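One file, work_25.pdb, carrying PDB, C-alpha atoms and all ligand atoms:
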```
ATOM      1  CA  MET E 445       0.000   0.000   0.000
ATOM      2  CA  LYS E 446       1.480   3.317  -1.140
ATOM      3  CA  LYS E 447       1.141   5.964   1.604
ATOM      4  CA  VAL E 448       1.079   9.707   0.935
ATOM      5  CA  ILE E 449       1.225  12.586   3.432
ATOM      6  CA  THR E 450       0.597  16.304   3.174
ATOM      7  CA  TYR E 451       0.540  19.195   5.673
ATOM      8  CA  GLY E 452      -1.418  22.408   6.024
ATOM      9  CA  THR E 453      -3.856  24.660   7.831
ATOM     10  CA  PHE E 454      -6.800  23.900   5.502
ATOM     11  CA  ASP E 455      -8.911  26.782   6.819
ATOM     12  CA  LEU E 456     -12.148  27.792   5.043
ATOM     13  CA  LEU E 457     -11.893  24.707   2.852
ATOM     14  CA  HIS E 458     -11.878  25.621  -0.851
ATOM     15  CA  ILE E 459     -11.239  24.141  -4.290
ATOM     16  CA  GLY E 460      -7.488  24.690  -3.982
ATOM     17  CA  HIS E 461      -7.433  22.393  -0.973
ATOM     18  CA  ILE E 462      -9.658  19.800  -2.667
ATOM     19  CA  ASN E 463      -7.445  19.857  -5.779
ATOM     20  CA  ILE E 464      -4.254  19.150  -3.846
ATOM     21  CA  LEU E 465      -5.913  16.454  -1.725
ATOM     22  CA  ARG E 466      -7.315  14.753  -4.834
ATOM     23  CA  ARG E 467      -3.969  14.867  -6.642
ATOM     24  CA  ALA E 468      -2.081  13.715  -3.529
ATOM     25  CA  LYS E 469      -4.399  10.712  -3.204
ATOM     26  CA  GLU E 470      -3.870   9.894  -6.901
ATOM     27  CA  LEU E 471      -0.181   9.401  -6.093
ATOM     28  CA  GLY E 472      -0.901   6.444  -3.782
ATOM     29  CA  ASP E 473      -3.522   4.390  -1.991
ATOM     30  CA  TYR E 474      -3.687   6.005   1.457
ATOM     31  CA  LEU E 475      -3.545   9.735   2.249
ATOM     32  CA  ILE E 476      -2.643  11.156   5.640
ATOM     33  CA  VAL E 477      -3.235  14.874   6.217
ATOM     34  CA  ALA E 478      -1.381  16.615   9.048
ATOM     35  CA  VAL E 479      -3.512  19.636   9.930
ATOM     36  CA  SER E 480      -1.893  22.539  11.782
ATOM     37  CA  THR E 481      -3.047  22.965  15.382
ATOM     38  CA  ASP E 482      -4.181  26.440  16.467
ATOM     39  CA  GLU E 483      -0.979  26.778  18.501
ATOM     40  CA  PHE E 484       1.226  25.877  15.511
ATOM     41  CA  ASN E 485      -0.742  28.275  13.320
ATOM     42  CA  GLU E 486       0.268  31.055  15.710
ATOM     43  CA  LYS E 487       3.914  30.098  15.089
ATOM     44  CA  LYS E 488       3.168  30.211  11.335
ATOM     45  CA  GLY E 489       1.676  33.682  11.839
ATOM     46  CA  LYS E 490      -1.752  32.421  10.784
ATOM     47  CA  LYS E 491      -5.099  32.743  12.546
ATOM     48  CA  ALA E 492      -7.584  30.222  11.185
ATOM     49  CA  CYS E 493     -11.317  31.004  11.262
ATOM     50  CA  TYR E 494     -12.156  27.377  11.994
ATOM     51  CA  SER E 495     -10.808  25.655  15.098
ATOM     52  CA  PHE E 496      -8.359  22.764  14.843
ATOM     53  CA  GLU E 497     -11.146  20.326  15.813
ATOM     54  CA  ASP E 498     -13.459  21.612  13.070
ATOM     55  CA  ARG E 499     -10.703  21.704  10.420
ATOM     56  CA  LYS E 500      -9.828  18.104  11.391
ATOM     57  CA  LYS E 501     -13.455  16.930  11.127
ATOM     58  CA  ILE E 502     -13.940  18.710   7.791
ATOM     59  CA  LEU E 503     -10.851  17.014   6.366
ATOM     60  CA  GLU E 504     -11.975  13.611   7.709
ATOM     61  CA  ALA E 505     -15.200  14.042   5.703
ATOM     62  CA  ILE E 506     -13.326  14.289   2.397
ATOM     63  CA  ARG E 507     -13.325  11.106   0.299
ATOM     64  CA  TYR E 508      -9.613  11.434  -0.614
ATOM     65  CA  VAL E 509      -8.492  11.618   3.025
ATOM     66  CA  ASP E 510      -7.850   8.417   4.999
ATOM     67  CA  MET E 511      -6.396   9.793   8.233
ATOM     68  CA  VAL E 512      -5.929  13.212   9.831
ATOM     69  CA  ILE E 513      -3.192  13.877  12.407
ATOM     70  CA  PRO E 514      -2.177  17.108  14.161
ATOM     71  CA  GLU E 515       0.698  19.187  12.851
ATOM     72  CA  GLU E 516       2.257  20.706  15.967
ATOM     73  CA  ASN E 517       5.678  21.894  14.754
ATOM     74  CA  TRP E 518       7.953  22.246  11.728
ATOM     75  CA  GLU E 519      10.203  19.377  12.807
ATOM     76  CA  GLN E 520       7.729  16.486  12.984
ATOM     77  CA  LYS E 521       7.781  15.666   9.255
ATOM     78  CA  GLU E 522      10.810  13.346   9.383
ATOM     79  CA  GLU E 523       9.354  11.512  12.361
ATOM     80  CA  ASP E 524       5.928  11.253  10.679
ATOM     81  CA  VAL E 525       7.424   9.887   7.446
ATOM     82  CA  LYS E 526       9.177   7.141   9.428
ATOM     83  CA  LYS E 527       6.318   6.474  11.866
ATOM     84  CA  TYR E 528       3.654   6.133   9.150
ATOM     85  CA  GLN E 529       6.035   4.520   6.598
ATOM     86  CA  ILE E 530       5.277   7.236   4.056
ATOM     87  CA  ASP E 531       6.249   6.698   0.396
ATOM     88  CA  THR E 532       5.406  10.166  -0.909
ATOM     89  CA  PHE E 533       5.390  13.625   0.707
ATOM     90  CA  VAL E 534       3.275  16.195  -1.154
ATOM     91  CA  MET E 535       2.996  19.986  -0.845
ATOM     92  CA  GLY E 536       1.807  22.802  -3.078
ATOM     93  CA  ASP E 537       4.598  24.409  -5.102
ATOM     94  CA  ASP E 538       4.538  27.557  -2.991
ATOM     95  CA  TRP E 539       6.712  25.313  -0.802
ATOM     96  CA  GLU E 540       8.950  24.243  -3.724
ATOM     97  CA  GLY E 541      12.336  23.099  -2.407
ATOM     98  CA  LYS E 542      11.547  23.766   1.268
ATOM     99  CA  PHE E 543      11.252  20.092   2.210
ATOM    100  CA  ASP E 544      13.865  18.530  -0.104
ATOM    101  CA  HIS E 545      15.724  17.168   2.933
ATOM    102  CA  LEU E 546      12.916  14.593   3.157
ATOM    103  CA  LYS E 547      14.156  13.094  -0.152
ATOM    104  CA  GLU E 548      16.460  10.864   1.903
ATOM    105  CA  LEU E 549      13.353   9.229   3.366
ATOM    106  CA  CYS E 550      10.658   9.356   0.686
ATOM    107  CA  GLU E 551       9.594  10.808  -2.652
ATOM    108  CA  VAL E 552       8.969  14.586  -2.392
ATOM    109  CA  VAL E 553       6.396  16.061  -4.796
ATOM    110  CA  TYR E 554       5.439  19.734  -5.141
ATOM    111  CA  LEU E 555       2.165  20.184  -7.035
ATOM    112  CA  PRO E 556       1.089  23.399  -8.800
ATOM    113  CA  ARG E 557      -1.162  25.544  -6.628
ATOM    114  CA  THR E 558      -4.709  26.233  -7.810
ATOM    115  CA  LYS E 559      -4.803  29.760  -9.184
ATOM    116  CA  ASP E 560      -6.836  32.663  -7.788
ATOM    117  CA  ILE E 561      -8.069  31.112  -4.573
ATOM    118  CA  SER E 562      -6.880  31.244  -0.977
ATOM    119  CA  SER E 563      -8.450  31.422   2.456
ATOM    120  CA  THR E 564      -7.130  34.999   2.753
ATOM    121  CA  GLN E 565      -8.735  35.984  -0.566
ATOM    122  CA  ILE E 566     -12.048  34.460   0.542
ATOM    123  CA  LYS E 567     -11.962  36.529   3.752
ATOM    124  CA  ASP E 568     -11.151  39.707   1.792
ATOM    125  CA  ASN E 569     -13.932  39.070  -0.738
ATOM    126  CA  ILE E 570     -16.477  38.540   2.027
ATOM    127  CA  LYS E 571     -15.380  41.838   3.603
ATOM    128  CA  ASP E 572     -15.744  43.604   0.231
ATOM    129  CA  GLY E 573     -19.076  41.888  -0.525
ATOM    130  CA  LYS E 574     -17.570  40.207  -3.603
ATOM    131  CA  SER E 575     -18.095  36.595  -4.743
ATOM    132  CA  MET E 576     -15.246  34.256  -5.748
ATOM    133  CA  GLY E 577     -14.571  33.278  -9.361
TER     134      GLY E 577
HETATM  135  N1  LIG E 601      -2.964  25.077  -1.861
HETATM  136  C1  LIG E 601      -3.081  24.949  -3.244
HETATM  137  N2  LIG E 601      -3.735  25.895  -3.956
HETATM  138  C2  LIG E 601      -4.270  26.968  -3.316
HETATM  139  C3  LIG E 601      -4.167  27.096  -1.923
HETATM  140  C4  LIG E 601      -3.501  26.130  -1.197
HETATM  141  O1  LIG E 601      -2.582  23.966  -3.836
HETATM  142  N3  LIG E 601      -4.901  27.905  -4.071
HETATM  143  C5  LIG E 601      -2.227  24.034  -1.136
HETATM  144  C6  LIG E 601      -0.989  24.593  -0.442
HETATM  145  O2  LIG E 601       0.095  24.685  -1.377
HETATM  146  C7  LIG E 601      -0.743  23.538   0.640
HETATM  147  C8  LIG E 601      -2.174  23.071   0.972
HETATM  148  O3  LIG E 601      -3.031  23.510  -0.100
HETATM  149  O4  LIG E 601       0.012  22.443   0.103
HETATM  150  C9  LIG E 601      -2.674  23.656   2.272
HETATM  151  O5  LIG E 601      -2.576  25.074   2.171
HETATM  152  P1  LIG E 601      -2.581  25.930   3.557
HETATM  153  O6  LIG E 601      -3.705  25.493   4.390
HETATM  154  O7  LIG E 601      -2.411  27.363   3.180
HETATM  155  O8  LIG E 601      -1.261  25.372   4.238
HETATM  156  P2  LIG E 601       0.048  26.202   4.651
HETATM  157  O9  LIG E 601      -0.315  27.333   5.512
HETATM  158  O10 LIG E 601       0.817  26.418   3.415
HETATM  159  O11 LIG E 601       0.769  25.161   5.639
HETATM  160  O12 LIG E 601       4.243  22.442   7.282
HETATM  161  C10 LIG E 601       3.591  22.918   6.139
HETATM  162  C11 LIG E 601       2.544  23.931   6.490
HETATM  163  O13 LIG E 601       1.672  23.460   7.503
HETATM  164  C12 LIG E 601       1.757  24.292   5.238
END
```
Produce structure tokens that represent the structure in this file.
Amino acid sequence: MKKVITYGTFDLLHIGHINILRRAKELGDYLIVAVSTDEFNEKKGKKACYSFEDRKKILEAIRYVDMVIPEENWEQKEEDVKKYQIDTFVMGDDWEGKFDHLKELCEVVYLPRTKDISSTQIKDNIKDGKSMG
């Protein structure tokens, strides 16, 4: 069984998130998503609208996702790859090159981001009374 893992905040779930989860799952048979805790988001300088618990439950409801674990720090990736016997690590290409050190342990794949959508843009559009797309 080919196992894939990806990491993120996944706030205000949108098509960009679904696209990367779908493509990550297509790279294997089992997809683990490590979702950033609220505390780790603070370290990332992010404030999610949805709580960690809600973002975890929302991800667990997605057909491509097989398991959701907490992402508590930057350093856990190596440990996770070993612990869950991961074959492929996936991130959007805004992270291109940032996790190449994991290549010693598994395949590292950066996938093109979905254009013109982000949780920040959604928040701004709501403020301005605009719709997406
Ligand atoms: N993403 C995407 N297209 C978008 C928006 C996001 O492909 N339009 C991808 C990102 O590249 C990332 C994933 O969706 O791979 C989750 O995005 P975020 O929730 O913004 O995650 P981020 O804050 O980048 O956290 O340790 C890694 C970090 O936790 C990543």
Counting all atoms listed in the file, the residue of E:Tyr494, E:Tyr508, E:Trp539, E:Tyr528 that sits nearest Ala468 of chain E =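 Under the stated criterion, the closest residue is E:Tyr508.
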Resolved residues for the PyMOL selection byres (((chain E and resi 461) around 10) and not hetatm) as a PDB file with C-alpha atoms, in the frame of the given file:
```pdb
ATOM      1  CA  GLY E 452      -1.418  22.408   6.024  1.00  0.00           C
ATOM      2  CA  THR E 453      -3.856  24.660   7.831  1.00  0.00           C
ATOM      3  CA  PHE E 454      -6.800  23.900   5.502  1.00  0.00           C
ATOM      4  CA  ASP E 455      -8.911  26.782   6.819  1.00  0.00           C
ATOM      5  CA  LEU E 456     -12.148  27.792   5.043  1.00  0.00           C
ATOM      6  CA  LEU E 457     -11.893  24.707   2.852  1.00  0.00           C
ATOM      7  CA  HIS E 458     -11.878  25.621  -0.851  1.00  0.00           C
ATOM      8  CA  ILE E 459     -11.239  24.141  -4.290  1.00  0.00           C
ATOM      9  CA  GLY E 460      -7.488  24.690  -3.982  1.00  0.00           C
ATOM     10  CA  ILE E 462      -9.658  19.800  -2.667  1.00  0.00           C
ATOM     11  CA  ASN E 463      -7.445  19.857  -5.779  1.00  0.00           C
ATOM     12  CA  ILE E 464      -4.254  19.150  -3.846  1.00  0.00           C
ATOM     13  CA  LEU E 465      -5.913  16.454  -1.725  1.00  0.00           C
ATOM     14  CA  ARG E 466      -7.315  14.753  -4.834  1.00  0.00           C
ATOM     15  CA  LEU E 503     -10.851  17.014   6.366  1.00  0.00           C
ATOM     16  CA  GLY E 536       1.807  22.802  -3.078  1.00  0.00           C
ATOM     17  CA  ARG E 557      -1.162  25.544  -6.628  1.00  0.00           C
ATOM     18  CA  THR E 558      -4.709  26.233  -7.810  1.00  0.00           C
ATOM     19  CA  ILE E 561      -8.069  31.112  -4.573  1.00  0.00           C
ATOM     20  CA  SER E 562      -6.880  31.244  -0.977  1.00  0.00           C
ATOM     21  CA  SER E 563      -8.450  31.422   2.456  1.00  0.00           C
TER      22      SER E 563
END
```
request  = Check what the PyMOL selection byres (((chain E and resi 471-482) around 6) and not hetatm) selects in the file above and give those residues as number ranges by chain.
outcome  = E: 445-453, 468-470, 483-485, 496, 509-516
Those same residues, written as a PDB file, keeping the file's coordinate frame with C-alpha atoms?
```pdb
ATOM      1  CA  MET E 445       0.000   0.000   0.000  1.00  0.00           C
ATOM      2  CA  LYS E 446       1.480   3.317  -1.140  1.00  0.00           C
ATOM      3  CA  LYS E 447       1.141   5.964   1.604  1.00  0.00           C
ATOM      4  CA  VAL E 448       1.079   9.707   0.935  1.00  0.00           C
ATOM      5  CA  ILE E 449       1.225  12.586   3.432  1.00  0.00           C
ATOM      6  CA  THR E 450       0.597  16.304   3.174  1.00  0.00           C
ATOM      7  CA  TYR E 451       0.540  19.195   5.673  1.00  0.00           C
ATOM      8  CA  GLY E 452      -1.418  22.408   6.024  1.00  0.00           C
ATOM      9  CA  THR E 453      -3.856  24.660   7.831  1.00  0.00           C
ATOM     10  CA  ALA E 468      -2.081  13.715  -3.529  1.00  0.00           C
ATOM     11  CA  LYS E 469      -4.399  10.712  -3.204  1.00  0.00           C
ATOM     12  CA  GLU E 470      -3.870   9.894  -6.901  1.00  0.00           C
ATOM     13  CA  GLU E 483      -0.979  26.778  18.501  1.00  0.00           C
ATOM     14  CA  PHE E 484       1.226  25.877  15.511  1.00  0.00           C
ATOM     15  CA  ASN E 485      -0.742  28.275  13.320  1.00  0.00           C
ATOM     16  CA  PHE E 496      -8.359  22.764  14.843  1.00  0.00           C
ATOM     17  CA  VAL E 509      -8.492  11.618   3.025  1.00  0.00           C
ATOM     18  CA  ASP E 510      -7.850   8.417   4.999  1.00  0.00           C
ATOM     19  CA  MET E 511      -6.396   9.793   8.233  1.00  0.00           C
ATOM     20  CA  VAL E 512      -5.929  13.212   9.831  1.00  0.00           C
ATOM     21  CA  ILE E 513      -3.192  13.877  12.407  1.00  0.00           C
ATOM     22  CA  PRO E 514      -2.177  17.108  14.161  1.00  0.00           C
ATOM     23  CA  GLU E 515       0.698  19.187  12.851  1.00  0.00           C
ATOM     24  CA  GLU E 516       2.257  20.706  15.967  1.00  0.00           C
TER      25      GLU E 516
END
```
key: Spatial neighbours of Tyr554 of chain E, max dist 7 Å, all atoms listed in the file, sep filter under 2 positions, as an MDAnalysis selection string   = chainID E and resid 534:537 540 552 556
As AutoDock Vina command-line options, please report the centre and edge lengths, rounded to one decimal in Å, of the axis-aligned box that holds all listed atoms of ligand LIG 601 (chain E) with 8 Å of padding on each of the six sides.
```
--center_x -0.3 --center_y 25.2 --center_z 1.7 --size_x 25.1 --size_y 21.5 --size_z 27.6
```
key: Atomic separation - atom CA of Lys571 of chain E relative to atom N1 of ligand LIG 601 (chain E), Å   =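 Between atom N1 of ligand LIG 601 (chain E) and atom CA of Lys571 of chain E the gap is 21.6 Å.
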ask   = If you measure from atom C2 of ligand LIG 601 (chain E) to atom CA of Glu523 of chain E, what distance in Å do you get, rounded to one decimal?
value =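 That distance, rounded to one decimal, is 25.9 Å.
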task = List the neighbours of Glu548 of chain E out to 12 Å using all atoms listed in the file; skip same-chain residues closer than 5 positions along the sequence, and give me the result as a list in words.
result = Glu522, Val525, Lys526, Ile530, Asp531, Thr532, Phe533 and Phe543 of chain E
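Candidate residues E:Asp544, E:Asp524, E:Glu497, E:Asp560 were compared for distance to ligand LIG 601 (chain E), and the nearest is E:Asp560, using all atoms listed in the file.
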message = So the first atom is atom O1 of ligand LIG 601 (chain E) and the second is atom CA of Asn517 of chain E; what is the distance between them in Å, to one decimal place?
response = 20.4 Å
request  = Would you please work out which residue, of E:Cys550, E:Ile506, E:Ile570, E:Leu555, is nearest to ligand LIG 601 (chain E) when using all atoms listed in the file?
outcome  =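 That would be E:Leu555, the residue with the smallest distance to ligand LIG 601 (chain E).
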